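S.K.: Attaching a single structure in C-alpha cells format; questions to follow.
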4 protein chains.
Amino acid sequence: MSQPPLSRIPPEIRCAQDYEALAEHFLAPPTLAYIAGGSGRDVTLAANAAAFAAWRIYPRLLRDVTAGHTRLALAGQPFAHPLLLAPVAFQKLAHAQAEIETARAAEATQTCMVASTLSSFALEDIARAGKAMRWFQLYFQPQRDATLDLVQRAEAAGYAALVVTLDASIQLPSLRAQRAGFAMPADCAPANLARHAAVALPALAPGDSRIFQGAMQTAPTWADLDWLLGQTRLPLWVKGVLHPQDAADLKARGVTGLIVSNHGGRTLDGAPASLDALPAIRAAVGAGFPLLLDSGIRSGGDAFKALALGADAVLIGRLQMHALSVAGALGVAHLLKLLREELEACMALAGCATLADIGPHSVVRG
Amino acid sequence: MSQPPLSRIPPEIRCAQDYEALAEHFLAPPTLAYIAGGSGRDVTLAANAAAFAAWRIYPRLLRDVTAGHTRLALAGQPFAHPLLLAPVAFQKLAHAQAEIETARAAEATQTCMVASTLSSFALEDIARAGKAMRWFQLYFQPQRDATLDLVQRAEAAGYAALVVTLDASIQLPSLRAQRAGFAMPADCAPANLARHAAVALPALAPGDSRIFQGAMQTAPTWADLDWLLGQTRLPLWVKGVLHPQDAADLKARGVTGLIVSNHGGRTLDGAPASLDALPAIRAAVGAGFPLLLDSGIRSGGDAFKALALGADAVLIGRLQMHALSVAGALGVAHLLKLLREELEACMALAGCATLADIGPHSVVRG
Amino acid sequence: MSQPPLSRIPPEIRCAQDYEALAEHFLAPPTLAYIAGGSGRDVTLAANAAAFAAWRIYPRLLRDVTAGHTRLALAGQPFAHPLLLAPVAFQKLAHAQAEIETARAAEATQTCMVASTLSSFALEDIARAGKAMRWFQLYFQPQRDATLDLVQRAEAAGYAALVVTLDASIQLPSLRAQRAGFAMPADCAPANLARHAAVALPALAPGDSRIFQGAMQTAPTWADLDWLLGQTRLPLWVKGVLHPQDAADLKARGVTGLIVSNHGGRTLDGAPASLDALPAIRAAVGAGFPLLLDSGIRSGGDAFKALALGADAVLIGRLQMHALSVAGALGVAHLLKLLREELEACMALAGCATLADIGPHSVVRG
Amino acid sequence: MSQPPLSRIPPEIRCAQDYEALAEHFLAPPTLAYIAGGSGRDVTLAANAAAFAAWRIYPRLLRDVTAGHTRLALAGQPFAHPLLLAPVAFQKLAHAQAEIETARAAEATQTCMVASTLSSFALEDIARAGKAMRWFQLYFQPQRDATLDLVQRAEAAGYAALVVTLDASIQLPSLRAQRAGFAMPADCAPANLARHAAVALPALAPGDSRIFQGAMQTAPTWADLDWLLGQTRLPLWVKGVLHPQDAADLKARGVTGLIVSNHGGRTLDGAPASLDALPAIRAAVGAGFPLLLDSGIRSGGDAFKALALGADAVLIGRLQMHALSVAGALGVAHLLKLLREELEACMALAGCATLADIGPHSVVRG
C-alpha cells in the first residue's frame, strides 16, 4: 500500500533527488512506473542522466560572491531563480489536490509554474491557487477554435506566457508502465478540455497508415504555428526542440524563446539527451536568445551544468511529481528550496556570483 | 516444456522486440540457444546491438507528414515498406509448418520474403504458400550444375531476385548452442537439396589444412560469381558484405545490390557490427546504388537508424524465428505490423514523410 | 563492534590499499562512512579513482637504477621521498591519540606531515610528537586576528611551511555519511581554535541567500590572500586548485607552490578528478614551479602517475586515516613504507633512477 | 580436490579458451590463482583482454584460399605456424612431467617451444623430450659465468635461439595468489640453476632502498646485453618490450628480433596492454624486422589480430599451463591444434591465404 502524503518535510530527504526514491512509498507501483518511466525502453531517459553525469564543474578560488544572487530576466520577465516547474499532465496521479498544491508551492518559492493543457484542475482554478508568475503550456487542439479558446482563457486568467509543446504529436508508450499494468484513472480527465467535444479522427482508407493518415492528421505544422503567433499578445515559447535547424527556423519565425527538451524521455525513445543537444542549439540561435532546458535535471548541480552549456533556466518535471506525492505543496516547495540551494552552493564554489558568470568555461567533460 | 504455438496474438507483446523474450516459452532451450546465439562467444552478436544503441534519432518539429508512406523501389521492384524477411535456414526449428507459415505472413503484410536455400520446405512449396514478392537466397553448391538447378527452379517458381550469400563458406559454431546440447534434428533437412547427392570433400594430404584444403575447397570465388551472373536474368544481390573494397568490387562486377550483413553474428565471431560497416560501404558504392542492411534489427527504431546511415531497406532474421515460434504466421505478421508502425512513428516524430527524407542528418551519436 | 587498534603490523596487508578494506573492522560504520565517503553522491570520489585507472606505466629496459633514490627538494626544502601526509581534520575519529600517532609515523618514515587547522590535538602538541619536517594547513578564520594567531603559533612551533586551503568555503555533505547516521563526536573539537570565540554569522535579511549572504560571507578572497602573504615569512602553498587560470593567477600573486586537489572529493561533488586537472595546470604554471597533487592516491603506482603528469610530490589522505585506525603510528608508518616501495618498484621497472626521470613519456592512456 | 590429468581430450573443450575454465578442476585453488593471476590487482591482465576485444576482423569475400597455409620464417628459421609456446616457469605446478610433456606436445604439433631458464626439468632433458625446434629463454644471472654457462648449455643442447627476458628484474606479486595462500612448492626448483650457488645480495647500507640498492643491483643493463651479444652465435631475441624507443634502441644494438610483451601482466601491474603497444613498436622498427607478440592471446582470433597489427607470430603462455594441467602433452597439443584451426578459420573468412595477407587493413576498431 502506498502512503498518504505527509504534512511535514520528511527528515530523510537530504538532497533534491532523494524525493525520487522516497516517492516509491507514496505512489502505487503502476503509477510510479508511469511517472518515472520513459517512452519505450527508457533509452532516452537513461541518456538524459548520462549526459549530465559526463560533465564536471570547476571550483574557482577566492572570488567574492557575497553579493551573489540567482535572479534573471527571461524575455523581459523577472525571475527570482532559474528553476521553473515544468508542465506535467494529470497531477492527480500524484496528489488529490494536484496542480492546486503545486501552485501553492510555486507561490511560496517565487517559482514560475507552467500549467499543462492536460492539468487535472482547470487553468482558472490553478491561477487562483497561487500568486507567482504562471505560464500556460498549450497543446494544439484538433480544431483551431478549441486551441484559441485555451489561449484566450490563459490570457484572461493572467498567465504571463504560452509554452507550446511540439514534440508529442504521438507518444510511444512506456513499456515500464505497460508492464506494471498502468491505466489512466477515470478521474484523470483534462479539466481544461471538458467543454470541447472530442474530435473523432477521420476514418482510414485501405492502405492508410494509422500513424501518417491517422494520429498525425491533427499534428500542428508551421502554418499552425504562424497562425498561433497572430492570435496572442503573450510571449510564445516553443517546447521540445532538439535539432539546431529547428531552433534557427523557430527563432526566425518570431517565437519568444525555446525550450530544449525531449519531454523527459517520454515521446521518442532514442531521441538525444537534451543536454547533449543544447550547445549546438545555443550556437544556432546565438547569445542572448532565450533558451531553457528541460529533461533530466535531478539536482542543482545538473541545473548549473545546463546553464553552463547555454541554458538561461531549467524546468523540473519528474521530481516535481515525486515531491508532490510525498508531501503536496510542502514537498514541492521543499524540493525547490533544495534545488535552489544546491545550485547556489555550486555557484559559490565555482566562483559565480550571478547566473551570468556561469558559462562553458565553468565545466569540463569528465 | 516448451508451449505449442498460439493461434492468437499474445497480449503481452507490446513491441516487436518482446517476441524475443516470449519465444523462450515456445522453444526448447537448446533450440533457443541455437537460434538466439551467435558464432563463438557472441562478440559480434553483442556488437550489433551496441552499434544500434550508439545512435540517437532527432525529433523534428511541425513537418506535415499526413501524406506519409513507407513505399520504396529496390532495383525497380516496388515494396510497400522497407522490411524484408531475411533468409533463415531450417524454420522447422521454430514451427512445424516452417516457411509455409512465414510465406503466409509475408503475403498478409505485403512483405518480401527471402527464402533460404536451406529451407525446411522446398522453394516451390514456399512459392505456393503466399502471393507476396519473394526472393531466393542462394548458397553456391559444390558443383555448378546443382547451383544452376537451384537458380532455374527459383526462376521457374517465380522468385523475383536472387540473394547469393558469400560470408558463410565456413561458420564458427555457437558456443552457446553447443553448451546447450543443440543438435540439428533429423527432420531439419534442406528440402531444396534432396535431389542432389552429397558431395564428398577431397581427401586431405598430409600437412593439409582442414580449413584451407578442406572446407574452403568448395567456397565460391570471383570466377564463380562471374559465372552466376551469366546464368540468370534475375536481379542478383550479394549478402554478407562488410568491407568497402568488397562493396566497390562487387558493384563493378555488375551485381544488382548489396546486403551489408554479418550473418546475424553467426559466421565470424569478431566481425564488425553491420551498422558500423554501413556508412563506409554507402560511401564506397555511392548514392543510389541499392543497399540493404541485415543483422541486429530489433525494432522499427533500429530500422530507421539503418536507413539514416545509408541502407535502403533492412532484413529481419532472429525476430522472425521468435515470432514464428510463438504464433506461426500470425506471429510473424504481427511482428511485421509492429515493426512497421514503430518505423512509421519514428518517421513521424523525425519529420520524415517518406523514406527519402531519412538521412544522416536524422541521427546523431549518443 | 569495531576492534581497537593493533600494536603490530597486520599480516594480511600486502599493499598500501589493503588498509582501506581492513579499516572496516576498526571503525564504526558511521565513522567509516564519513572518512571513506565524498561529498554528495561520491561522483568526484569515483572520478578520482577512474582518472588514475585510465593511465598505464611504460616499463623501460636495461636502465641502470642502482644509484636510484626518491629524494627531492620542494621550494628549497629537502624531502626523502615525494609522499606527504595530507592535512586530515579530526584524526580522533580514527585513533584516540590522533595526530600524535601520525606525527610519530611521520618521523619514523622521514615524511612531511601537514597538520590541519582542525586537528584534534593542538599544533604545538603535534610539533612535540615528532621531529620530521612539518607543514601547517591553514583555514582562514572569520576574523583576521584569529588567522594571524594560527600563523604565528605555527611559526613559533617550527612548522616549515603554510598550506592554505581555499576549496572548502562550503562543503556539500556526504550522503553516505548522513545515511549512516554520522555525527561528529563531542570530543572531536578543533583544539587549535579553543582560544577563539565562535563568530556568529551575520543575520540574513529577507530574500538573502543562506549561501551567498550566509556561509560565503566569511570566505576568503584575493584580498585576504594578499594580506596573508604579507604576514608570514614561511613558504605559502595553496591547496585546492583545479582550474589552470586560478593556478596562473596564484603563481602571479607570489605563492610558493600549489596543491592540485579536489579535497578528496569532499567539497563539490561533481568537481573534476585532480589527476585530470593536473596536466593543464602544469602547463599553466610552467616547468619548475612547485606543484603537488592530492586526492585519489591509493598506491605507489598512483603516485608515479601523478609525478609523470606534472606533480612534484603527492599527499596521502584517506589511507592515512585508514592505517591510523588499524594500527596507529605503526600502521601509518607501514603504509608509508609500502607506498614508497611501490613507487620505487614502479620507478625501477620504468627505468627511472630519480624522480626527475619520471615524465609524460613514462605513461600512456590505457 | 583437484583431478589428476586426463589421458584423453576432454569432450567439453570446444575452443582453445575453454581450457581456461576447465583447468579450475585440475589445479589446486592457490596454484590456479598463481597461474591465472597477474601482478598486483590484475590491471594489466584485464587490459590485455580488453585490448583484443576492442578490435574487429573484416570478413572478405570470394578470395581463393585453397592454397592457403600458415607457414612463415622468423629470422631465417622456418615455422609451420605462427604460434609459439611461451617460456613459462615451473611447469611442475601444472603437471608432474612438466616441460617434458610440453616438449612432446610441441613436437606433435610442429610448434617451437621456448624453454624457460626457470624450468622444472633441465634444459637438456627438455631437449631430449621432443624433436621440434626449441628456443631457450634466458634470465641474466647475478654472475656472468652463470649466464654464460646457461648460454653454452643451450647451444650444446641444440636450442636454435635465445630469448632474453628483460622486463622482470623485479616482479610485483599477485594479490590474487597471495590471498589464495599460494607458496611455491619445494619441488618447484629451477633445475637449470642447480649447479650455481645462490648469490647473496649485497647488504644494504642505512638509507639504502631495498629496490634500487637491493633487488636492482643484479638487474641487467645495456652493457650486459652488449656482452651477451658477443657470447653466442645464436639468434638473440629480446622479450618484454613495450616502449617504441626501447624497440628502436634494441634493434640498433643488433638483436635478432623483439617480443612485445608485458609478461602476461605478471610484472608491472599497470603496464600497457601488449597489443596496444604493438603498432607503435612496429612503426619504430619498420617493416620486416622480426616482431612477436605475447600476453593476452586466448584464441586464434586474438592471434589474427596481433598479426594484423604488426606481429609476425605470437606466444601462448597461460593457456599452455591450463591445457597442461588438464591433459598433459595431449592437452597442450590439442590446444595448439584448436588455436591453429581458429586462426585458419579467421584467415579463410578474412580472405587471407597466407600470413602475409594479414595486415592493418584486415581489422577495424569495434
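Numbering starts fresh at 1 for the residues of each chain in the C-alpha cells, the chains themselves are lettered A, B, ... in the order given, and ligands are numbered from 1 as they appear.
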Give me, as CSV, the closest atom pair and its distance (Å, one decimal) for every residue of chain A within a cut-off of 8 Å of chain B, counting only C-alpha atoms, rows sorted by chain and rising number.
M.R.:
residue,atom,partner,partner_atom,distance
A:Ala47,CA,B:Gly366,CA,7.6
A:Leu166,CA,B:Leu61,CA,6.2
A:Asp167,CA,B:Leu61,CA,6.5
A:Ala168,CA,B:Leu349,CA,7.9
A:Ser169,CA,B:Leu349,CA,7.4
A:Ile170,CA,B:Leu349,CA,7.3
A:Leu172,CA,B:Ala345,CA,7.7
A:Leu175,CA,B:Arg14,CA,7.3
A:Ser209,CA,B:His69,CA,7.2
A:Arg210,CA,B:Glu341,CA,7.9
A:Ile211,CA,B:Ala345,CA,6.3
A:Phe212,CA,B:Thr66,CA,5.0
A:Gln213,CA,B:Thr66,CA,5.3
A:Met216,CA,B:Thr66,CA,6.1
A:Gln217,CA,B:Thr66,CA,5.6
A:Ala219,CA,B:Leu62,CA,7.6
A:Pro220,CA,B:Leu62,CA,5.7
A:Thr221,CA,B:Leu62,CA,4.0
A:Trp222,CA,B:Leu62,CA,5.3
A:Val241,CA,B:Leu61,CA,7.5
A:Leu242,CA,B:Pro59,CA,6.6
A:His243,CA,B:Tyr58,CA,6.4
A:Asp246,CA,B:Leu61,CA,6.8
A:Leu268,CA,B:Leu349,CA,7.1
A:Gly270,CA,B:Arg56,CA,5.1
A:Ala271,CA,B:Ile57,CA,4.9
A:Pro272,CA,B:Arg56,CA,5.2
A:Ala273,CA,B:Gly366,CA,7.7
S.K.: Compile the contact shell of Asp226 in chain D as number ranges by chain: residues with an atom at most 12 Å away, counting only C-alpha atoms, same-chain residues fewer than 2 positions apart removed.
M.R.: C: 62; D: 220-224, 228-232, 236, 249-250, 252-255
S.K.: Could you save the residues just selected, with N, CA and C atoms, as a PDB file, in the first residue's frame?
M.R.:
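Output contents, as saved in out.pdb:
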ATOM      1  N   LEU C  62      66.730  -2.199 -19.252  1.00  0.00           N
ATOM      2  CA  LEU C  62      68.202  -2.144 -19.224  1.00  0.00           C
ATOM      3  C   LEU C  62      68.767  -0.852 -18.660  1.00  0.00           C
TER       4      LEU C  62
ATOM      5  N   PRO D 220      70.078  -6.602 -15.310  1.00  0.00           N
ATOM      6  CA  PRO D 220      70.947  -6.356 -16.472  1.00  0.00           C
ATOM      7  C   PRO D 220      70.812  -4.933 -17.001  1.00  0.00           C
ATOM      8  N   THR D 221      71.895  -4.457 -17.598  1.00  0.00           N
ATOM      9  CA  THR D 221      71.905  -3.137 -18.230  1.00  0.00           C
ATOM     10  C   THR D 221      72.355  -3.303 -19.689  1.00  0.00           C
ATOM     11  N   TRP D 222      72.411  -2.168 -20.369  1.00  0.00           N
ATOM     12  CA  TRP D 222      72.820  -2.216 -21.781  1.00  0.00           C
ATOM     13  C   TRP D 222      74.178  -2.902 -21.939  1.00  0.00           C
ATOM     14  N   ALA D 223      75.083  -2.662 -20.984  1.00  0.00           N
ATOM     15  CA  ALA D 223      76.406  -3.276 -21.089  1.00  0.00           C
ATOM     16  C   ALA D 223      76.303  -4.802 -21.036  1.00  0.00           C
ATOM     17  N   ASP D 224      75.393  -5.314 -20.226  1.00  0.00           N
ATOM     18  CA  ASP D 224      75.217  -6.760 -20.153  1.00  0.00           C
ATOM     19  C   ASP D 224      74.684  -7.309 -21.472  1.00  0.00           C
ATOM     20  N   LEU D 228      76.417 -10.017 -23.879  1.00  0.00           N
ATOM     21  CA  LEU D 228      75.757 -11.259 -24.284  1.00  0.00           C
ATOM     22  C   LEU D 228      75.786 -11.434 -25.798  1.00  0.00           C
ATOM     23  N   LEU D 229      75.578 -10.329 -26.503  1.00  0.00           N
ATOM     24  CA  LEU D 229      75.590 -10.421 -27.970  1.00  0.00           C
ATOM     25  C   LEU D 229      76.926 -10.954 -28.474  1.00  0.00           C
ATOM     26  N   GLY D 230      77.985 -10.714 -27.720  1.00  0.00           N
ATOM     27  CA  GLY D 230      79.302 -11.210 -28.127  1.00  0.00           C
ATOM     28  C   GLY D 230      79.583 -12.636 -27.693  1.00  0.00           C
ATOM     29  N   GLN D 231      78.693 -13.248 -26.937  1.00  0.00           N
ATOM     30  CA  GLN D 231      78.977 -14.567 -26.370  1.00  0.00           C
ATOM     31  C   GLN D 231      78.321 -15.716 -27.125  1.00  0.00           C
ATOM     32  N   THR D 232      77.468 -15.410 -28.050  1.00  0.00           N
ATOM     33  CA  THR D 232      76.702 -16.502 -28.664  1.00  0.00           C
ATOM     34  C   THR D 232      76.578 -16.294 -30.169  1.00  0.00           C
ATOM     35  N   LEU D 236      69.391 -13.868 -31.198  1.00  0.00           N
ATOM     36  CA  LEU D 236      69.068 -13.371 -29.851  1.00  0.00           C
ATOM     37  C   LEU D 236      67.826 -12.488 -29.909  1.00  0.00           C
ATOM     38  N   ASP D 249      66.070   1.196 -29.974  1.00  0.00           N
ATOM     39  CA  ASP D 249      67.429   1.062 -29.420  1.00  0.00           C
ATOM     40  C   ASP D 249      67.905  -0.390 -29.485  1.00  0.00           C
ATOM     41  N   LEU D 250      67.016  -1.313 -29.196  1.00  0.00           N
ATOM     42  CA  LEU D 250      67.401  -2.727 -29.229  1.00  0.00           C
ATOM     43  C   LEU D 250      67.713  -3.178 -30.651  1.00  0.00           C
ATOM     44  N   ALA D 252      68.865  -1.271 -32.991  1.00  0.00           N
ATOM     45  CA  ALA D 252      70.162  -0.668 -33.318  1.00  0.00           C
ATOM     46  C   ALA D 252      71.307  -1.435 -32.668  1.00  0.00           C
ATOM     47  N   ARG D 253      71.045  -2.049 -31.533  1.00  0.00           N
ATOM     48  CA  ARG D 253      72.088  -2.803 -30.828  1.00  0.00           C
ATOM     49  C   ARG D 253      72.405  -4.122 -31.519  1.00  0.00           C
ATOM     50  N   GLY D 254      71.509  -4.552 -32.401  1.00  0.00           N
ATOM     51  CA  GLY D 254      71.822  -5.753 -33.149  1.00  0.00           C
ATOM     52  C   GLY D 254      71.094  -7.016 -32.737  1.00  0.00           C
ATOM     53  N   VAL D 255      70.051  -6.902 -31.931  1.00  0.00           N
ATOM     54  CA  VAL D 255      69.334  -8.123 -31.584  1.00  0.00           C
ATOM     55  C   VAL D 255      68.570  -8.633 -32.800  1.00  0.00           C
TER      56      VAL D 255
END
S.K.: Cα RMSD of chain C on chain B, all Cα atoms paired in order, least-squares fit?
M.R.: 0.0 Å
S.K.: If I take CA of Leu315 in chain B and CA of Phe136 in chain B, how far is one from the other in Å, to one decimal?
M.R.: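 Going from CA of Leu315 in chain B over to CA of Phe136 in chain B covers 13.5 Å.
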S.K.: I'd like the contact shell of Pro87 in chain A - 8 Å cut-off, only C-alpha atoms, skipping same-chain residues fewer than 3 positions apart - returned as a PyMOL selection string.
M.R.: chain A and resi 113-116+137+317
S.K.: Mind pulling up the distance from CA of Ala308 in chain A to CA of Pro360 in chain A?
M.R.: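 So the answer is 5.0 Å.
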S.K.: As number ranges by chain, which residues of range 201-252 of chain D does DSSP assign to strand (DSSP E)?
M.R.: D: 236-241
S.K.: Mind checking which residues fall within 7 Å of Leu339 in chain C, counting only C-alpha atoms, ignoring those fewer than 3 positions away in the same chain, and posting them as a ChimeraX atom specification?
M.R.: /C:16,299-300,335-336,342-343
S.K.: Please provide as a PyMOL selection string all residues within 8 Å of Tyr139 in chain C, with the sequence filter that same-chain residues fewer than 2 positions apart are discarded (counting only C-alpha atoms).
M.R.: chain C and resi 117+137+141+147+164-166
S.K.: Could you turn the residues from that selection into a file that holds N, CA, C and O atoms, as a compact mmCIF listing (two decimals), in the first residue's frame?
M.R.:
# COMPACT_ATOMS: atom_id res chain seq x y z
N THR C 117 44.47 22.68 10.51
CA THR C 117 43.87 23.64 11.43
C THR C 117 42.87 22.95 12.34
O THR C 117 42.77 23.27 13.53
N GLN C 137 48.56 23.34 7.86
CA GLN C 137 47.45 23.67 6.96
C GLN C 137 46.58 24.71 7.62
O GLN C 137 46.14 24.54 8.76
N GLN C 141 40.24 32.13 9.17
CA GLN C 141 39.23 32.25 10.20
C GLN C 141 38.37 33.49 9.91
O GLN C 141 38.79 34.37 9.17
N THR C 147 43.17 34.30 12.42
CA THR C 147 44.02 33.70 11.38
C THR C 147 45.48 33.98 11.68
O THR C 147 46.33 33.07 11.63
N VAL C 164 47.55 26.88 2.73
CA VAL C 164 46.23 27.48 2.92
C VAL C 164 45.24 26.80 1.98
O VAL C 164 45.44 26.72 0.76
N THR C 165 44.19 26.27 2.56
CA THR C 165 43.19 25.51 1.80
C THR C 165 42.08 26.46 1.36
O THR C 165 41.47 27.13 2.20
N LEU C 166 41.80 26.50 0.07
CA LEU C 166 40.87 27.50 -0.47
C LEU C 166 39.63 26.90 -1.11
O LEU C 166 38.78 27.65 -1.60
S.K.: With only C-alpha atoms as the counted atoms, please give the residues lying no more than 8 Å from range 151-155 of chain C, apart from itself and same-chain residues fewer than 2 positions off, as an NGL selection string.
M.R.: :C and (123-124 or 136 or 138 or 147-149 or 157-160 or 162 or 232 or 234)
S.K.: Name the residues in contact with range 284-286 of chain D at a cut-off of 9 Å, using only C-alpha atoms, excluding same-chain residues fewer than 5 positions from it; report them as a list in words.
M.R.: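 So the residues in contact are Pro244, Gln245, Ala247, Ala248, Lys251, Pro279 and Leu291 of chain D.
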S.K.: Take the residues from that selection and put them in a file with N, CA and C atoms, as a PDB file, in the first residue's frame.
M.R.:
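Result went into out02.pdb, see below:
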ATOM      1  N   PRO D 244      58.314   2.128 -27.724  1.00  0.00           N
ATOM      2  CA  PRO D 244      58.925   2.138 -29.065  1.00  0.00           C
ATOM      3  C   PRO D 244      60.392   2.589 -29.069  1.00  0.00           C
ATOM      4  N   GLN D 245      60.758   3.429 -28.115  1.00  0.00           N
ATOM      5  CA  GLN D 245      62.163   3.854 -28.106  1.00  0.00           C
ATOM      6  C   GLN D 245      63.066   2.700 -27.700  1.00  0.00           C
ATOM      7  N   ALA D 247      62.431  -0.323 -28.336  1.00  0.00           N
ATOM      8  CA  ALA D 247      62.453  -1.191 -29.516  1.00  0.00           C
ATOM      9  C   ALA D 247      63.482  -0.706 -30.532  1.00  0.00           C
ATOM     10  N   ALA D 248      63.466   0.573 -30.791  1.00  0.00           N
ATOM     11  CA  ALA D 248      64.427   1.123 -31.752  1.00  0.00           C
ATOM     12  C   ALA D 248      65.854   0.953 -31.257  1.00  0.00           C
ATOM     13  N   LYS D 251      66.917  -2.703 -31.589  1.00  0.00           N
ATOM     14  CA  LYS D 251      67.204  -3.043 -32.991  1.00  0.00           C
ATOM     15  C   LYS D 251      68.581  -2.511 -33.382  1.00  0.00           C
ATOM     16  N   PRO D 279      51.396  -1.511 -32.374  1.00  0.00           N
ATOM     17  CA  PRO D 279      51.515  -0.707 -33.608  1.00  0.00           C
ATOM     18  C   PRO D 279      52.660   0.310 -33.559  1.00  0.00           C
ATOM     19  N   LEU D 291      59.208  -9.483 -35.212  1.00  0.00           N
ATOM     20  CA  LEU D 291      58.470  -8.963 -34.067  1.00  0.00           C
ATOM     21  C   LEU D 291      57.424  -9.994 -33.661  1.00  0.00           C
TER      22      LEU D 291
END
S.K.: Could you check which of A:Gln17, A:Arg318, A:Ala23, A:Ala36 is closest to Ser174 in chain A, using only C-alpha atoms?
M.R.: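 Looking at the shortest contact to Ser174 in chain A, the residue is A:Ala36.
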S.K.: Distance CA of Leu84 in chain D-CA of Val314 in chain D, one decimal place?
M.R.: 6.1 Å
S.K.: Just the helix (DSSP H, G or I) stuff from range 74-312 of chain B, please, per backbone DSSP, written as a ChimeraX atom specification.
M.R.: /B:91-93,98-108,123-129,144-156,175-179,191-193,210-218,222-229,244-253,263-265,274-285,300-308
